[in-house]
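Novice: Got a structure for you, query-v5.cif, holding mmCIF, C-alpha atoms.
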```cif
data_upload
loop_
_atom_site.label_atom_id
_atom_site.label_comp_id
_atom_site.auth_asym_id
_atom_site.auth_seq_id
_atom_site.Cartn_x
_atom_site.Cartn_y
_atom_site.Cartn_z
CA MET A 19 145.88 54.69 123.08
CA GLN A 20 144.37 55.22 119.64
CA ARG A 21 146.09 53.69 116.66
CA LEU A 22 147.59 55.93 113.97
CA ASP A 23 145.79 54.95 110.82
CA TYR A 24 148.23 56.07 108.15
CA LEU A 25 148.95 53.67 105.32
CA LYS A 26 152.52 52.63 104.52
CA GLU A 27 154.04 53.65 101.20
CA THR A 28 154.22 50.77 98.72
CA PRO A 29 157.71 49.27 99.04
CA SER A 30 160.08 49.77 96.13
CA GLN A 31 161.56 47.05 93.95
CA THR A 32 164.31 47.42 91.38
CA ALA A 33 163.35 48.68 87.93
CA GLY A 34 165.36 45.75 86.55
CA PRO A 35 167.14 45.51 83.21
CA TYR A 36 163.96 45.71 81.11
CA VAL A 37 162.64 49.06 82.36
CA HIS A 38 162.75 50.42 78.80
CA ILE A 39 159.89 48.13 77.75
CA GLY A 40 157.61 50.05 80.06
CA LEU A 41 159.01 53.57 80.01
CA THR A 42 160.67 54.09 76.62
CA PRO A 43 159.35 51.34 74.32
CA ASN A 44 159.87 53.31 71.11
CA ALA A 45 163.46 54.17 71.95
CA LEU A 46 164.01 50.50 72.77
CA GLY A 47 162.77 49.42 69.36
CA ASN A 48 159.28 48.23 70.30
CA PRO A 49 157.16 50.63 68.22
CA GLY A 50 153.45 50.25 67.66
CA ILE A 51 152.10 50.46 71.19
CA TYR A 52 152.33 54.18 71.94
CA PRO A 53 152.69 56.83 69.21
CA GLN A 54 155.56 58.43 71.17
CA ASP A 55 157.51 57.82 74.37
CA LEU A 56 156.72 60.17 77.24
CA GLY A 57 159.34 62.64 78.44
CA ARG A 58 161.26 62.89 75.16
CA SER A 59 162.17 66.50 75.89
CA PRO A 60 161.71 68.90 78.82
CA ILE A 61 161.23 71.83 76.42
CA ARG A 62 159.33 72.71 73.28
CA GLU A 63 160.18 75.11 70.49
CA GLY A 64 160.40 78.65 71.82
CA ALA A 65 161.35 77.86 75.41
CA ARG A 66 162.91 80.90 77.06
CA GLY A 67 166.36 80.70 78.60
CA GLN A 68 169.85 79.48 77.86
CA ARG A 69 170.00 76.26 75.85
CA ILE A 70 172.09 73.57 77.48
CA THR A 71 173.26 70.10 76.58
CA ILE A 72 174.51 67.76 79.28
CA THR A 73 176.15 64.44 78.49
CA GLY A 74 177.52 61.84 80.84
CA ARG A 75 177.59 58.32 82.17
CA VAL A 76 176.50 56.29 85.17
CA ILE A 77 179.46 54.43 86.66
CA ASP A 78 179.35 51.60 89.18
CA GLY A 79 181.73 50.72 92.01
CA ALA A 80 183.85 48.54 89.73
CA GLY A 81 184.37 51.37 87.25
CA MET A 82 181.95 49.88 84.73
CA VAL A 83 179.66 52.18 82.75
CA LEU A 84 176.02 51.16 83.12
CA ARG A 85 174.21 50.58 79.85
CA ASP A 86 170.88 49.78 81.47
CA ALA A 87 170.46 52.94 83.56
CA LEU A 88 167.55 55.31 83.10
CA PHE A 89 166.83 58.55 84.87
CA GLU A 90 164.19 61.23 84.94
CA SER A 91 164.93 64.93 85.22
CA TRP A 92 162.54 67.53 86.61
CA GLN A 93 163.32 71.22 86.44
CA ALA A 94 161.92 74.73 86.63
CA ASP A 95 161.71 77.16 83.73
CA ALA A 96 164.22 79.97 83.25
CA GLU A 97 162.39 82.10 85.84
CA GLY A 98 162.47 79.36 88.46
CA ILE A 99 158.78 78.37 88.17
CA TYR A 100 157.86 74.68 87.92
CA PRO A 101 155.38 73.64 85.25
CA GLY A 102 152.27 71.77 86.37
CA ASN A 103 151.35 72.37 89.97
CA ASP A 104 153.68 75.13 91.20
CA PRO A 105 151.54 77.15 93.64
CA ARG A 106 153.30 80.38 92.60
CA GLY A 107 151.79 80.50 89.13
CA ALA A 108 152.14 79.37 85.55
CA ALA A 109 155.49 78.49 84.03
CA ASP A 110 156.73 79.16 80.50
CA PRO A 111 154.23 77.13 78.42
CA ALA A 112 157.10 75.89 76.24
CA VAL A 113 158.75 74.21 79.24
CA THR A 114 157.34 70.86 80.36
CA GLY A 115 160.25 70.44 82.76
CA TRP A 116 160.31 66.67 82.70
CA ALA A 117 162.49 64.29 80.72
CA ARG A 118 163.27 60.60 80.60
CA VAL A 119 166.84 59.85 79.69
CA ALA A 120 168.14 56.36 78.97
CA ALA A 121 171.80 55.46 78.67
CA ASP A 122 172.86 54.32 75.21
CA PHE A 123 172.58 50.52 75.00
CA ASP A 124 176.08 50.24 73.49
CA THR A 125 178.13 53.04 75.01
CA GLY A 126 176.24 53.89 78.21
CA ILE A 127 176.46 57.60 77.36
CA TRP A 128 173.34 59.68 77.95
CA ARG A 129 172.41 63.13 76.70
CA LEU A 130 169.91 65.72 77.86
CA ASP A 131 169.01 68.86 75.89
CA SER A 132 167.17 71.54 77.83
CA ILE A 133 167.34 75.10 79.11
CA LYS A 134 169.11 76.17 82.25
CA PRO A 135 166.52 76.49 85.03
CA GLY A 136 166.14 79.57 87.20
CA ARG A 137 166.53 79.71 90.96
CA VAL A 138 163.74 78.24 93.07
CA PRO A 139 163.11 79.21 96.69
CA PHE A 140 163.84 76.86 99.55
CA PRO A 141 160.97 76.59 102.10
CA ASP A 142 162.47 79.43 104.17
CA GLY A 143 162.61 81.75 101.17
CA ARG A 144 166.34 81.60 100.43
CA LEU A 145 167.08 80.81 96.80
CA MET A 146 168.43 77.44 95.74
CA ALA A 147 170.97 77.47 92.91
CA PRO A 148 169.81 76.37 89.44
CA HIS A 149 169.49 72.59 89.41
CA LEU A 150 167.89 69.59 87.75
CA ASN A 151 166.19 67.07 90.07
CA ILE A 152 167.19 63.54 89.20
CA TRP A 153 165.57 60.17 89.93
CA LEU A 154 167.86 57.36 88.78
CA VAL A 155 166.92 53.70 88.39
CA ALA A 156 168.59 50.58 87.02
CA ARG A 157 169.02 46.89 87.61
CA GLY A 158 170.64 46.50 91.02
CA ILE A 159 169.19 49.75 92.40
CA ASN A 160 166.50 48.75 94.92
CA LEU A 161 165.01 52.19 95.46
CA GLY A 162 165.32 54.98 92.91
CA LEU A 163 168.23 57.29 93.76
CA GLN A 164 167.45 60.98 94.22
CA THR A 165 170.07 63.56 93.44
CA ARG A 166 170.51 66.91 91.69
CA ILE A 167 172.63 68.27 88.87
CA TYR A 168 173.96 71.76 89.58
CA PHE A 169 176.11 73.91 87.30
CA GLU A 170 179.72 74.65 88.10
CA ASP A 171 179.54 78.01 86.34
CA GLU A 172 176.86 79.31 88.76
CA GLU A 173 179.43 80.08 91.42
CA GLN A 174 177.53 82.82 93.21
CA ALA A 175 174.21 80.96 93.30
CA ASN A 176 175.91 77.73 94.35
CA ALA A 177 177.64 79.52 97.23
CA GLU A 178 174.24 80.75 98.46
CA CYS A 179 172.30 77.49 97.95
CA PRO A 180 170.79 76.20 101.23
CA VAL A 181 170.71 72.63 99.89
CA LEU A 182 174.39 72.56 98.97
CA ALA A 183 175.07 74.08 102.38
CA ARG A 184 173.54 70.95 103.93
CA ILE A 185 176.41 68.84 102.61
CA GLU A 186 178.77 68.49 105.52
CA HIS A 187 181.75 67.20 103.54
CA LYS A 188 182.33 70.20 101.32
CA ALA A 189 184.67 68.29 99.02
CA ARG A 190 181.68 66.20 97.92
CA ILE A 191 179.75 69.19 96.56
CA ARG A 192 181.69 68.96 93.31
CA THR A 193 180.11 65.54 92.67
CA LEU A 194 176.87 67.44 91.97
CA MET A 195 178.39 69.90 89.50
CA ALA A 196 177.95 69.70 85.74
CA ARG A 197 181.24 70.90 84.30
CA PRO A 198 181.17 73.31 81.33
CA THR A 199 183.01 72.13 78.24
CA GLY A 200 181.90 74.89 75.85
CA PRO A 201 179.08 77.39 75.33
CA GLY A 202 176.00 75.70 76.85
CA THR A 203 177.58 72.25 76.96
CA TYR A 204 178.31 70.33 80.15
CA VAL A 205 179.45 66.91 81.29
CA PHE A 206 178.18 65.09 84.37
CA ASP A 207 178.86 61.53 85.56
CA PHE A 208 176.84 59.75 88.21
CA ARG A 209 179.18 57.65 90.37
CA LEU A 210 177.36 55.06 92.44
CA GLN A 211 180.32 54.18 94.65
CA GLY A 212 183.94 55.04 95.27
CA GLU A 213 186.10 58.04 95.97
CA ASP A 214 183.89 60.44 94.04
CA GLU A 215 180.54 58.86 94.90
CA THR A 216 177.75 61.24 93.89
CA VAL A 217 175.84 62.85 96.74
CA PHE A 218 172.38 61.27 96.97
CA PHE A 219 169.60 62.80 99.01
CA ASP A 220 166.94 61.53 101.36
CA VAL A 221 164.09 63.82 100.39
CA MET B 19 149.41 69.65 81.08
CA THR B 20 146.71 70.91 83.39
CA LEU B 21 146.84 72.68 86.74
CA ARG B 22 145.97 70.52 89.70
CA ASN B 23 144.12 71.62 92.80
CA ALA B 24 145.62 72.38 96.16
CA ILE B 25 145.36 68.84 97.53
CA ASP B 26 148.41 68.04 95.42
CA ARG B 27 150.55 70.56 97.26
CA GLY B 28 152.36 70.49 100.54
CA PRO B 29 155.46 68.89 102.04
CA LEU B 30 155.90 65.16 101.57
CA PHE B 31 155.81 62.69 104.44
CA PHE B 32 159.27 61.41 105.23
CA ARG B 33 160.16 58.18 103.51
CA ASP B 34 160.51 55.17 105.84
CA ARG B 35 163.77 53.71 104.62
CA ASP B 36 163.52 50.73 106.97
CA TRP B 37 160.38 49.73 105.11
CA HIS B 38 161.88 49.97 101.63
CA PRO B 39 164.73 47.65 100.68
CA PRO B 40 168.16 49.04 101.59
CA ALA B 41 170.55 49.83 98.73
CA TYR B 42 173.14 47.20 99.58
CA THR B 43 171.66 43.69 99.52
CA PRO B 44 174.30 40.99 98.84
CA GLY B 45 171.62 38.34 98.14
CA TYR B 46 170.83 40.35 95.01
CA LYS B 47 174.32 40.46 93.58
CA THR B 48 173.98 43.35 91.15
CA SER B 49 173.24 45.69 94.05
CA MET B 50 176.74 45.19 95.43
CA THR B 51 178.48 47.47 92.94
CA ARG B 52 175.50 49.76 92.40
CA ALA B 53 174.58 50.65 95.99
CA PRO B 54 175.87 53.99 97.24
CA HIS B 55 178.02 53.40 100.31
CA ARG B 56 177.85 56.85 101.86
CA ALA B 57 175.00 58.15 103.97
CA LEU B 58 172.23 59.95 102.11
CA VAL B 59 172.13 63.69 102.77
CA ALA B 60 168.89 64.39 104.64
CA LEU B 61 166.74 67.05 103.03
CA GLY B 62 163.09 67.77 103.71
CA SER B 63 161.03 68.21 100.59
CA THR B 64 161.22 71.53 98.74
CA LEU B 65 159.24 72.84 95.78
CA SER B 66 161.56 70.73 93.63
CA GLU B 67 160.15 67.52 95.09
CA GLU B 68 156.61 68.73 95.82
CA THR B 69 155.89 69.73 92.23
CA GLY B 70 155.68 67.43 89.25
CA PRO B 71 154.43 67.25 85.68
CA ALA B 72 150.71 66.80 85.09
CA PHE B 73 149.54 64.14 82.66
CA GLY B 74 146.33 64.58 80.70
CA HIS B 75 143.87 61.89 79.68
CA ASP B 76 144.28 63.07 76.09
CA MET B 77 147.70 61.41 75.91
CA ILE B 78 146.33 57.95 76.76
CA GLY B 79 145.16 55.79 73.87
CA ALA B 80 142.06 53.59 74.01
CA LEU B 81 144.06 50.32 74.13
CA ASP B 82 146.94 51.57 76.27
CA ASN B 83 145.72 49.62 79.33
CA ASN B 84 144.90 46.48 77.31
CA LEU B 85 148.11 44.46 76.97
CA VAL B 86 146.21 41.57 75.42
CA MET B 87 145.41 43.65 72.34
CA ASN B 88 147.64 46.73 72.27
CA PHE B 89 150.59 45.38 70.28
CA THR B 90 149.12 44.11 67.02
CA GLY B 91 145.37 44.14 67.56
CA GLN B 92 145.44 40.33 67.70
CA PRO B 93 145.17 38.73 71.15
CA ALA B 94 148.28 37.70 73.06
CA ILE B 95 148.67 34.10 74.22
CA GLY B 96 148.24 33.33 77.91
CA GLU B 97 145.88 33.35 80.84
CA ARG B 98 143.78 36.50 80.63
CA ILE B 99 143.73 38.51 83.85
CA ILE B 100 142.49 41.86 85.09
CA MET B 101 144.93 43.78 87.28
CA HIS B 102 143.09 46.50 89.13
CA GLY B 103 143.11 48.53 92.32
CA ARG B 104 143.39 52.03 93.67
CA VAL B 105 146.24 54.45 94.17
CA LEU B 106 145.99 55.98 97.64
CA ASP B 107 148.27 58.27 99.59
CA GLU B 108 149.47 57.56 103.11
CA ASN B 109 146.51 59.58 104.39
CA GLY B 110 144.23 56.99 102.79
CA ARG B 111 142.88 59.30 100.11
CA GLY B 112 142.40 58.07 96.56
CA VAL B 113 144.76 59.94 94.24
CA PRO B 114 143.39 60.86 90.79
CA GLY B 115 145.50 61.52 87.73
CA VAL B 116 148.38 59.22 88.68
CA LEU B 117 150.29 57.86 85.70
CA LEU B 118 150.71 54.10 86.00
CA GLU B 119 152.99 52.33 83.53
CA ILE B 120 153.46 48.57 83.65
CA TRP B 121 155.73 46.11 81.85
CA GLN B 122 156.11 42.38 82.06
CA ALA B 123 157.30 39.13 80.50
CA ASN B 124 154.97 37.15 78.26
CA ALA B 125 153.21 33.94 79.27
CA GLY B 126 156.43 31.98 78.70
CA GLY B 127 158.57 34.28 80.84
CA ARG B 128 160.27 36.12 77.96
CA TYR B 129 160.60 39.90 77.66
CA ARG B 130 160.44 41.80 74.41
CA HIS B 131 163.85 43.38 75.01
CA LYS B 132 167.07 43.22 73.04
CA THR B 133 169.02 42.00 76.07
CA ASP B 134 166.67 39.12 77.04
CA GLY B 135 167.93 35.89 75.50
CA TYR B 136 165.80 33.40 77.46
CA LEU B 137 164.88 30.34 75.38
CA ALA B 138 161.10 30.81 75.75
CA PRO B 139 159.74 32.27 72.50
CA LEU B 140 158.44 35.77 71.95
CA ASP B 141 154.72 36.05 71.38
CA PRO B 142 154.27 38.00 68.14
CA ASN B 143 151.14 39.61 69.59
CA PHE B 144 152.50 40.65 72.97
CA GLY B 145 154.44 43.89 73.42
CA GLY B 146 154.52 43.75 77.20
CA CYS B 147 153.71 47.29 78.28
CA GLY B 148 150.66 49.33 79.18
CA ARG B 149 149.74 52.60 80.83
CA THR B 150 146.76 54.38 82.31
CA LEU B 151 145.78 57.34 84.50
CA THR B 152 143.89 56.78 87.74
CA GLY B 153 140.28 57.95 87.83
CA PRO B 154 138.63 60.40 90.25
CA ASP B 155 138.77 57.93 93.17
CA GLY B 156 142.29 56.71 92.35
CA GLY B 157 141.00 53.56 90.64
CA TYR B 158 142.73 51.87 87.71
CA GLU B 159 142.47 48.72 85.62
CA PHE B 160 144.59 46.77 83.14
CA LEU B 161 143.74 43.73 81.06
CA THR B 162 146.80 41.56 80.50
CA ILE B 163 148.03 37.97 80.56
CA ARG B 164 149.62 36.25 83.52
CA PRO B 165 153.40 36.57 83.07
CA GLY B 166 155.52 33.44 83.26
CA ALA B 167 158.23 32.82 85.84
CA TYR B 168 161.76 32.79 84.41
CA PRO B 169 165.34 32.00 85.44
CA TRP B 170 167.98 34.69 85.86
CA PRO B 171 171.69 34.70 86.61
CA ASN B 172 172.07 35.47 90.31
CA HIS B 173 172.46 32.23 92.20
CA VAL B 174 172.88 29.07 90.11
CA ASN B 175 169.16 28.36 90.07
CA SER B 176 167.45 31.71 90.73
CA TRP B 177 163.96 32.16 89.34
CA ARG B 178 161.80 35.25 89.35
CA PRO B 179 158.24 34.69 90.57
CA MET B 180 155.46 35.81 88.26
CA HIS B 181 155.48 39.60 88.46
CA ILE B 182 154.41 42.82 86.79
CA HIS B 183 156.63 45.90 87.03
CA VAL B 184 154.75 49.06 88.00
CA SER B 185 155.93 52.66 87.65
CA VAL B 186 153.92 55.17 89.68
CA PHE B 187 153.98 58.90 88.96
CA GLY B 188 152.02 61.01 91.42
CA SER B 189 151.75 64.77 91.64
CA GLY B 190 155.19 65.32 93.19
CA PHE B 191 158.54 64.31 91.71
CA GLY B 192 159.62 63.23 95.19
CA GLN B 193 156.87 60.56 95.19
CA ARG B 194 158.37 58.79 92.19
CA LEU B 195 158.27 55.03 92.67
CA ILE B 196 158.86 51.78 90.83
CA THR B 197 157.78 48.47 92.29
CA GLN B 198 156.69 44.97 91.29
CA MET B 199 153.38 43.19 91.82
CA TYR B 200 153.42 39.50 92.72
CA PHE B 201 150.60 36.96 92.64
CA GLU B 202 148.90 35.30 95.60
CA GLY B 203 150.06 31.74 96.17
CA ASP B 204 153.22 31.79 94.01
CA PRO B 205 155.78 29.56 95.80
CA LEU B 206 158.68 31.39 94.08
CA ILE B 207 157.98 34.63 95.98
CA ALA B 208 159.62 33.42 99.19
CA LYS B 209 162.70 32.18 97.29
CA CYS B 210 163.32 35.34 95.24
CA PRO B 211 166.48 37.34 96.04
CA ILE B 212 164.88 40.52 94.71
CA VAL B 213 161.74 40.10 96.83
CA ASN B 214 163.97 39.38 99.79
CA THR B 215 165.83 42.68 99.46
CA ILE B 216 162.84 43.85 101.53
CA GLY B 217 163.47 43.17 105.20
CA GLN B 218 159.99 43.13 106.69
CA GLU B 219 157.53 40.38 105.85
CA ARG B 220 154.63 42.81 106.16
CA ALA B 221 156.21 44.98 103.48
CA ILE B 222 156.65 41.98 101.18
CA GLN B 223 153.00 41.08 101.63
CA ALA B 224 152.09 44.61 100.50
CA LEU B 225 153.37 43.60 97.04
CA VAL B 226 151.35 40.38 96.74
CA ALA B 227 148.04 40.85 94.93
CA PRO B 228 145.19 38.60 96.07
CA LEU B 229 142.94 36.79 93.64
CA ASP B 230 139.75 38.88 93.40
CA MET B 231 136.81 36.75 92.30
CA ASN B 232 134.44 39.70 92.64
CA ARG B 233 136.17 41.41 89.77
CA ALA B 234 136.73 38.28 87.65
CA ILE B 235 134.54 38.07 84.57
CA PRO B 236 132.80 34.70 84.15
CA MET B 237 133.90 32.78 81.05
CA ASP B 238 136.48 35.50 80.33
CA CYS B 239 139.22 36.28 82.87
CA LEU B 240 140.36 36.17 86.49
CA ALA B 241 141.27 39.30 88.45
CA TYR B 242 143.95 40.36 90.93
CA LYS B 243 143.67 43.44 93.13
CA PHE B 244 146.75 45.56 93.71
CA ASP B 245 146.41 48.77 95.72
CA ILE B 246 149.32 51.19 95.62
CA VAL B 247 150.24 53.75 98.28
CA LEU B 248 152.13 56.96 97.50
CA ARG B 249 153.93 59.18 99.98
CA GLY B 250 151.45 61.46 101.73
CA ARG B 251 151.56 65.21 102.08
CA ARG B 252 151.27 67.28 105.21
CA GLN B 253 148.36 69.69 105.28
CA SER B 254 148.72 72.15 108.11
CA PHE B 255 148.16 75.83 108.73
CA PHE B 256 151.20 75.69 110.97
CA GLU B 257 153.77 74.88 108.31
CA ASN B 258 156.80 77.11 108.58
CA ARG B 259 156.58 78.59 105.13
CA LYS B 260 156.20 82.02 103.71
CA GLU B 261 152.87 83.04 102.26
CA GLY B 262 152.32 81.71 98.76
CA MET B 263 155.19 79.23 98.75
#
```
Could you spell out this file's structure in structure tokens?

Specialist:
Amino acid sequence: MQRLDYLKETPSQTAGPYVHIGLTPNALGNPGIYPQDLGRSPIREGARGQRITITGRVIDGAGMVLRDALFESWQADAEGIYPGNDPRGAADPAVTGWARVAADFDTGIWRLDSIKPGRVPFPDGRLMAPHLNIWLVARGINLGLQTRIYFEDEEQANAECPVLARIEHKARIRTLMARPTGPGTYVFDFRLQGEDETVFFDV
Amino acid sequence: MTLRNAIDRGPLFFRDRDWHPPAYTPGYKTSMTRAPHRALVALGSTLSEETGPAFGHDMIGALDNNLVMNFTGQPAIGERIIMHGRVLDENGRGVPGVLLEIWQANAGGRYRHKTDGYLAPLDPNFGGCGRTLTGPDGGYEFLTIRPGAYPWPNHVNSWRPMHIHVSVFGSGFGQRLITQMYFEGDPLIAKCPIVNTIGQERAIQALVAPLDMNRAIPMDCLAYKFDIVLRGRRQSFFENRKEGM
């Protein structure tokens, strides 16, 4: 028999507690290397769509709020087109779609300002509900965790979302929902373990 | 941001989770309260994972991949080394335009971070981070100093082997990866609880960079070669997708 000659993906290792040195040195307080950190905002002035602010925490299995967590968010524009290499065409030029968000070193609270994304089609053409794609790393996390932030106030779209429909234990769907607290403001906690453990995906 | 060509599109190969370290690894204590306990929800890649931001060469400064000089313009203390290699995908193709970001301790094993209180001194000329974009064949290069080993609170006498953290950003958000590069011959590798979160010896060896005398510069610096492999993409006319998606 012939041998399959695929390479193996490079194995992951934890980002560790000092990930900010590499990914957000200016926010850490190490200025002078790069003029600006990458991923400061997923939008620029003039981005179309509803402005949103999401705040939250990352909480471990002992109930402790992580102060060394960092995540990246990737989203579509208000029409549901991804910036960069979406084969369907060009996105709103004022939407970069990508953000790096670090928990506050003292409080562990993070904040993301963006626009609400539009609906993006699943491979079979059905529409997924508006969501942010999240990749979460920290000390103690061996392989970056992949999850999504949906919006509780998108009831109709959520009910039709083929990805949410994949979640067998329906009671867990709410762990992916950003909860509205006012016009355009939401809260969302990542829970790494426990009763309300966030749904994480194998994608 | 620039548009990429069609080679950067298509469904991602499935991730081999027996190859990567599992989430729950008691030898690395911090993982015990940070590892999800429930099964991951299986989801093939969608446009959300197959797309990703594009990074342009215009955002990379001339000294960004030179950690010896990029903090103050005065050279950092330590053994000068070149870290170089190629970023490939699982199909064996070189991947251009990949954003590589690295960070590391200084020659004494101390990080420039507000939470690192190790007694080794900071080097006033070493910031500890660098970045670059891979070239047309997936090649990359950094000039840096060899990081020191350092102790950390896990077991009573746990030490990290010399290592450089590497963040890899390919064309799809679902390819996002962070790893660590180790150095050929370091006896601390086999003793490290973080290294040993990986179950298969062959996978551990994929993180150990060999000394590369061909790339060393006489009377200047040694070199280590570290190739990186990203998740591949399927390319088939038989994919079950609607036209244009």

Novice: Residues within 10 Å of (173.2, 70.7, 101.5), file coordinates, counting all atoms listed in the file: what are they? Give the list as an MDAnalysis selection string.

Specialist: (chainID A and resid 179:188 191 217 219) or (chainID B and resid 59:61)

Novice: Contacts of Ile133 in chain A at 7 Å or less, counting all atoms listed in the file, minus same-chain residues fewer than 4 places along, as a VMD selection string?

Specialist: chain A and resid 67 to 70

Novice: As an NGL selection string, please: the residues near range 35-40 of chain A (cut-off 6 Å, only C-alpha atoms, same-chain neighbours under 6 positions excluded).

Specialist: (:A and (86 or 157)) or (:B and (120-121 or 147))

Novice: Taking only C-alpha atoms into account, report as an mmCIF file with C-alpha atoms, keeping the file's coordinate frame which residues of chain A lie within 7 Å of chain B.

Specialist:
```
data_model
loop_
_atom_site.group_PDB
_atom_site.id
_atom_site.type_symbol
_atom_site.label_atom_id
_atom_site.label_comp_id
_atom_site.auth_asym_id
_atom_site.auth_seq_id
_atom_site.Cartn_x
_atom_site.Cartn_y
_atom_site.Cartn_z
ATOM 1 C CA TYR A 24 148.230 56.070 108.150
ATOM 2 C CA LEU A 25 148.950 53.670 105.320
ATOM 3 C CA LYS A 26 152.520 52.630 104.520
ATOM 4 C CA GLU A 27 154.040 53.650 101.200
ATOM 5 C CA THR A 28 154.220 50.770 98.720
ATOM 6 C CA PRO A 29 157.710 49.270 99.040
ATOM 7 C CA SER A 30 160.080 49.770 96.130
ATOM 8 C CA GLN A 31 161.560 47.050 93.950
ATOM 9 C CA THR A 32 164.310 47.420 91.380
ATOM 10 C CA ALA A 33 163.350 48.680 87.930
ATOM 11 C CA TYR A 36 163.960 45.710 81.110
ATOM 12 C CA ILE A 39 159.890 48.130 77.750
ATOM 13 C CA GLY A 40 157.610 50.050 80.060
ATOM 14 C CA GLY A 50 153.450 50.250 67.660
ATOM 15 C CA ILE A 51 152.100 50.460 71.190
ATOM 16 C CA ASP A 78 179.350 51.600 89.180
ATOM 17 C CA GLY A 79 181.730 50.720 92.010
ATOM 18 C CA ALA A 80 183.850 48.540 89.730
ATOM 19 C CA TYR A 100 157.860 74.680 87.920
ATOM 20 C CA PRO A 101 155.380 73.640 85.250
ATOM 21 C CA GLY A 102 152.270 71.770 86.370
ATOM 22 C CA ASN A 103 151.350 72.370 89.970
ATOM 23 C CA ASP A 104 153.680 75.130 91.200
ATOM 24 C CA PRO A 105 151.540 77.150 93.640
ATOM 25 C CA ARG A 106 153.300 80.380 92.600
ATOM 26 C CA TRP A 116 160.310 66.670 82.700
ATOM 27 C CA PHE A 140 163.840 76.860 99.550
ATOM 28 C CA PRO A 141 160.970 76.590 102.100
ATOM 29 C CA ASP A 142 162.470 79.430 104.170
ATOM 30 C CA GLY A 143 162.610 81.750 101.170
ATOM 31 C CA ASN A 151 166.190 67.070 90.070
ATOM 32 C CA GLY A 158 170.640 46.500 91.020
ATOM 33 C CA ILE A 159 169.190 49.750 92.400
ATOM 34 C CA ASN A 160 166.500 48.750 94.920
ATOM 35 C CA LEU A 161 165.010 52.190 95.460
ATOM 36 C CA ILE A 185 176.410 68.840 102.610
ATOM 37 C CA LEU A 210 177.360 55.060 92.440
ATOM 38 C CA GLN A 211 180.320 54.180 94.650
ATOM 39 C CA PHE A 218 172.380 61.270 96.970
ATOM 40 C CA PHE A 219 169.600 62.800 99.010
ATOM 41 C CA ASP A 220 166.940 61.530 101.360
ATOM 42 C CA VAL A 221 164.090 63.820 100.390
#
```

Novice: If I wrap all listed atoms of range 188-191 of chain A in a box with edges along x, y and z and add 6 Å on each side, what are its centre and edge lengths in Å to one decimal, as AutoDock Vina command-line options?

Specialist:
```
--center_x 182.2 --center_y 68.2 --center_z 98.9 --size_x 16.9 --size_y 16.0 --size_z 16.8
```

Novice: Determine, counting all atoms listed in the file, which protein, DNA and RNA residues have an atom within 7 Å of an atom of Arg166 in chain A; residues of the same chain fewer than 4 positions away are not included. Present the result as a PyMOL selection string.

Specialist: chain A and resi 149-152+194
